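Step one of this worksheet: look at the structure below.
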Amino acid sequence: MLRVAVDVWIGNAASVLSGCWGAVTRRAHETGYSRTSIYHHAQRVAHAVTNAQAGGGRYEALWAENERLRAENEALWEAWVAVEQLPEAKQQAFAATGSAMGLSLGQIITLLAIFLPNGTGPSRATVGRWVSQSSRQARDLLALLDQLCQRWVLVLCLDEIFLHREPILMAVEPHSMAWVAGQRGPDRSGESWCKLLAHWSCVERVIADAGKELERGVK
Amino acid sequence: MGLDVFHTQHEIQRVLHHKWRQAERVLEAAAKAESKVQHTKKGGYDTRGVARQAWCAWRKAERLFDEAVQAEAATQQIGTALVLFGPQGTLNDRQGVQGQLDDAMRLLAGPEWGKVRRLLCDQRTLHPLDWGHEQLAQAVAEPLLREALVRLWYFNDATEDASDQHRARLAQLTLLEQVVCQRLCPEWQSAYARVDAILSRVVRASSAVECVNSVVRMHQARHRHISQDMLDLKRLYWHCRTLRHGKRRGACPYELLGLKFPTYDWWTLLQMDPKALEQKLLTQQVRQ
């Protein structure tokens with residue numbers, strides 16, 4: 001910002017450039033500026049006039065360039081702020097999706113730490129709470145969605161797998177690959193299978209291995 | 001209830017692999033015995049003892065190798081018999097298939113094939129064929145038309161996975177079958193729709209559930225504990241995940257099942273209130 005009026009600058013420059021003996025001293029007395037300042041002002045005025053003579057459009061070009069850079073700077077700031085403050089909802093979605101895909105809590109935290117600033121990542125307990133909350137939501141939602149699936153499921157492939165010695169009763173509709181049941185425990189008896197299959201009233205055919213209890217449940 | 005052929009084929013492959021491994025081991029032992037004979041001969045010693053050993057080893061190796069080759073041929077025969085359609089596009093029937101299986105099982109001697117024999121003799125193994133024939137007979141009463149429609153379905157199904165070279169030939173066969181169907185019944189399209197609905201539901205293997213099992217097993221290796229709610233989370237994600245490969249590619253299980261949802265994005269769906277979603281779906285059904 002200019003702190004000296006333009007006419008004072010030009011006057012100071014004129015006193016230097018006129019070449020009269022004592023003009024600079026007199027001008028220094030009149031304006032109160034030091035002789036050094038007056039010579040400095042003269043240099044800058046001469047420089048500005050030379051620039052103006054060299055190309056009149058340069059100032060406008062610089063102004064346009066300045067505007068462009070300002071806009072770019074603003075956009076970068078906005079982008080940075082968005083990355084910097086990754087909303088918690090996004091972090092929750094990341095944690096729940098990761099867990100549904102089979103990542104452990106430790107792996108989710110490690111991945112979150114890559115793109116969150118140091119020390120701002122969620123704790124293990126927080127991620128665990130997010131995953132638990134999403135799991136509960138999934139349970140409530142599936143109670144409805146499984147009902148809606150019922151009339152479309154006509155064939156089922158049944159099997160069981162074990163998780164820490166506890167069986168998980170599995171049922172998959174083979175044409176769509178819909179995983180219609182994944183019931184953990186209590187056992188793999190015929191009664192448990194029967195109870196599970198009771199939800200799927202439209203099933204016409206069942207394909208399974210030669211498990212006796214499973215067969216008993218189907219019958 | 002049908003007995004799945006996935007486990008049967010898995011057991012066949014397991015025993016066959018064991019047979020080949022055994023044959024390879026004995027062949028290696030025979031080769032070693034042979035080199036020992038050569039070594040002894042070079043040293044100028046009496047080779048009668050080691051030569052006898054080598055001869056016995058070769059005899060054993062040949063016997064085991066022949067057994068493995070025979071088992072391989074029998075398993076190929078079983079594989080062909082367990083396929084739903086014959087080479088001409090006709091639906092296999094129990095009698096024909098059971099005959100082929102009996103022939104193949106005669107070659108599978110020994111206690112190691114006990115489980116395979118038991119599974120192949122089980123009545124439930126060929127239950128899907130019985131079911132298919134039963135349903136087709138109900139859907140299309142005229143036997144000639146039924147056979148023609150089944151062949152047409154077979155050619156259409158084969159065209160989907162065929163290479164360009166075979167596709168042209170299959171297209172000709174399909175056209176021929178369409179002409180036959182047209183001659184037999186001018187309204188053959190409706191009958192074909194019924195046949196399509198039945199044949200696309202014939203399932204013999206539980207490989208679909210084994211596929212999901214393998215995914216869950218991978219997950220359980222990383223999670224310390226999988227609760228019922230966690231299983232539900234995985235199930236919901238699985239249902240909304242678009243399949244990338246195979247004949248189901250480009251759609252998620254819910255879409256393939258025929259369910260119409262406002263969105264198949266699993267996170268958006270998860271954030272919905274179940275009651276609000278139910279209301280939304282009811283409104284959607286009423287509009288349709």
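All residue names refer to the structure tokens as shown: chains lettered A, B, ... in order, residues numbered from 1 in each chain, ligands numbered from 1 in order.
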Would you kindly report the residues of chain A within 6 Å of chain B, using only C-alpha atoms, as an MDAnalysis selection string? chainID A and resid 100 102 104 135:136 138:139 141 157 172 174 176:178 184 206:209
Just write the chosen residues, C-alpha atoms, as a PDB file, in the first residue's frame.
ATOM      1  CA  ALA A 100     -18.134 -56.063   6.197  1.00  0.00           C
ATOM      2  CA  GLY A 102     -13.479 -58.724   6.329  1.00  0.00           C
ATOM      3  CA  SER A 104     -10.084 -56.345  11.306  1.00  0.00           C
ATOM      4  CA  SER A 135     -24.107 -54.311  12.724  1.00  0.00           C
ATOM      5  CA  ARG A 136     -27.190 -53.650  14.832  1.00  0.00           C
ATOM      6  CA  ALA A 138     -27.974 -54.338   9.576  1.00  0.00           C
ATOM      7  CA  ARG A 139     -29.730 -56.827  11.851  1.00  0.00           C
ATOM      8  CA  LEU A 141     -32.855 -53.993   8.328  1.00  0.00           C
ATOM      9  CA  CYS A 157     -28.090 -74.630  -0.998  1.00  0.00           C
ATOM     10  CA  VAL A 172     -27.524 -69.492  -0.246  1.00  0.00           C
ATOM     11  CA  PRO A 174     -27.770 -70.387  -6.030  1.00  0.00           C
ATOM     12  CA  SER A 176     -28.628 -64.938  -7.431  1.00  0.00           C
ATOM     13  CA  MET A 177     -25.918 -65.910  -4.919  1.00  0.00           C
ATOM     14  CA  ALA A 178     -28.065 -64.280  -2.226  1.00  0.00           C
ATOM     15  CA  ARG A 184     -24.709 -68.595  14.417  1.00  0.00           C
ATOM     16  CA  VAL A 206     -32.909 -77.947  -1.255  1.00  0.00           C
ATOM     17  CA  ILE A 207     -29.412 -79.058  -2.226  1.00  0.00           C
ATOM     18  CA  ALA A 208     -27.080 -80.159   0.528  1.00  0.00           C
ATOM     19  CA  ASP A 209     -24.355 -82.597   1.442  1.00  0.00           C
TER      20      ASP A 209
END
So that I can check the surroundings of Arg129 in chain A, please list as a PyMOL selection string every protein, DNA and RNA residue that reaches within 12 Å of it, counting only C-alpha atoms and ignoring chain neighbours fewer than 5 positions away. chain A and resi 92+95-96+99+105+122-124+134-136
Atoms kept (C-alpha atoms) for selection, written as a PDB file, in the first residue's frame:
ATOM      1  CA  GLN A  92     -18.010 -44.542  10.015  1.00  0.00           C
ATOM      2  CA  ALA A  95     -15.092 -48.607   9.169  1.00  0.00           C
ATOM      3  CA  ALA A  96     -18.371 -50.461   8.576  1.00  0.00           C
ATOM      4  CA  SER A  99     -15.485 -54.667   8.564  1.00  0.00           C
ATOM      5  CA  LEU A 105     -10.380 -53.271  13.543  1.00  0.00           C
ATOM      6  CA  PRO A 122     -10.385 -42.509  15.794  1.00  0.00           C
ATOM      7  CA  SER A 123      -9.445 -44.856  18.603  1.00  0.00           C
ATOM      8  CA  ARG A 124      -9.913 -48.607  18.435  1.00  0.00           C
ATOM      9  CA  SER A 134     -23.765 -50.606  11.934  1.00  0.00           C
ATOM     10  CA  SER A 135     -24.107 -54.311  12.724  1.00  0.00           C
ATOM     11  CA  ARG A 136     -27.190 -53.650  14.832  1.00  0.00           C
TER      12      ARG A 136
END
Give me, please, the distance in Å between CA of Leu149 in chain B and CA of Leu173 in chain B, quoted to one decimal. 12.3 Å
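Across the model, the gap from CA of Thr90 in chain B to CA of Ile198 in chain B is 14.6 Å.
Note that DSSP on the backbone gives alpha helix (DSSP H) to these residues of range 165-203 of chain A: Gly190, Glu191, Ser192, Trp193, Cys194, Lys195, Leu196 and Leu197 of chain A.
For the pair CA of Thr75 in chain B and CA of Glu24 in chain B, the separation is 19.0 Å.
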Test item: residues at most 8 Å from Thr47 in chain B, only C-alpha atoms, excluding those fewer than 5 positions along its chain, as a PDB file with N, CA and C atoms, in the first residue's frame:
ATOM      1  N   VAL B  37      20.919-100.964  -9.192  1.00  0.00           N
ATOM      2  CA  VAL B  37      21.345-102.138  -9.981  1.00  0.00           C
ATOM      3  C   VAL B  37      22.515-101.756 -10.893  1.00  0.00           C
ATOM      4  N   THR B  40      25.653-101.255  -8.909  1.00  0.00           N
ATOM      5  CA  THR B  40      26.225-102.539  -8.463  1.00  0.00           C
ATOM      6  C   THR B  40      26.926-103.244  -9.622  1.00  0.00           C
ATOM      7  N   LYS B  41      26.275-103.154 -10.804  1.00  0.00           N
ATOM      8  CA  LYS B  41      26.839-103.789 -12.002  1.00  0.00           C
ATOM      9  C   LYS B  41      28.178-103.172 -12.347  1.00  0.00           C
TER      10      LYS B  41
END
Fewer than 6 positions away in the same chain doesn't count, so skip those; otherwise give me all residues within 12 Å of Arg216 in chain A, counting only C-alpha atoms, as a VMD selection string. (chain A and resid 188 to 195 197 208 210) or (chain B and resid 1)
Long-range neighbours of Ala109 in chain B as a tab-separated table (two decimals) with N, CA and C atoms, in the first residue's frame, 12 Å cut-off, only C-alpha atoms, 5 positions minimum in chain:
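Printed below is result-v1.tsv as written:
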chain	number	residue	atom	x	y	z
B	15	VAL	N	-9.35	-88.50	-3.84
B	15	VAL	CA	-8.85	-89.89	-3.91
B	15	VAL	C	-7.95	-90.04	-5.14
B	67	GLU	N	-3.61	-98.51	-12.19
B	67	GLU	CA	-4.79	-98.25	-11.35
B	67	GLU	C	-5.19	-96.77	-11.41
B	68	ALA	N	-4.18	-95.91	-11.36
B	68	ALA	CA	-4.45	-94.47	-11.40
B	68	ALA	C	-5.04	-94.07	-12.75
B	70	GLN	N	-6.73	-96.00	-14.74
B	70	GLN	CA	-8.08	-96.56	-14.77
B	70	GLN	C	-9.05	-95.68	-13.96
B	71	ALA	N	-8.58	-95.25	-12.80
B	71	ALA	CA	-9.41	-94.39	-11.94
B	71	ALA	C	-9.71	-93.07	-12.63
B	74	ALA	N	-12.35	-93.62	-15.14
B	74	ALA	CA	-13.65	-93.82	-14.48
B	74	ALA	C	-14.21	-92.49	-13.98
B	103	ASP	N	-21.27	-98.61	-14.40
B	103	ASP	CA	-20.11	-99.04	-15.21
B	103	ASP	C	-18.82	-98.44	-14.67
B	104	ALA	N	-18.90	-97.14	-14.35
B	104	ALA	CA	-17.70	-96.44	-13.86
B	104	ALA	C	-17.29	-96.95	-12.48
B	114	GLY	N	-14.77	-96.00	-1.19
B	114	GLY	CA	-16.02	-96.34	-0.50
B	114	GLY	C	-16.99	-95.18	-0.42
B	115	LYS	N	-16.48	-94.02	-0.03
B	115	LYS	CA	-17.36	-92.85	0.14
B	115	LYS	C	-17.95	-92.43	-1.21
B	116	VAL	N	-17.09	-92.45	-2.24
B	116	VAL	CA	-17.56	-92.05	-3.57
B	116	VAL	C	-18.66	-93.00	-4.04
B	117	ARG	N	-18.44	-94.30	-3.84
B	117	ARG	CA	-19.44	-95.30	-4.27
B	117	ARG	C	-20.76	-95.08	-3.52
Excluding range 24-32 of chain A and its own-chain neighbours fewer than 6 positions away, which residues fall within 8 Å of it when counting only C-alpha atoms? Please give them as a list in words. Asn12, Ser15, Val16 and Ile38 of chain A
Would you kindly return, as a list in words, each protein, DNA or RNA residue with an atom no farther than 8 Å from any atom of Ala181 in chain A, considering only C-alpha atoms and excluding same-chain residues fewer than 3 positions away?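 Once the adjacent positions are removed, what remains is Leu169, Met170, Ala171, Val172 and Leu196 of chain A.
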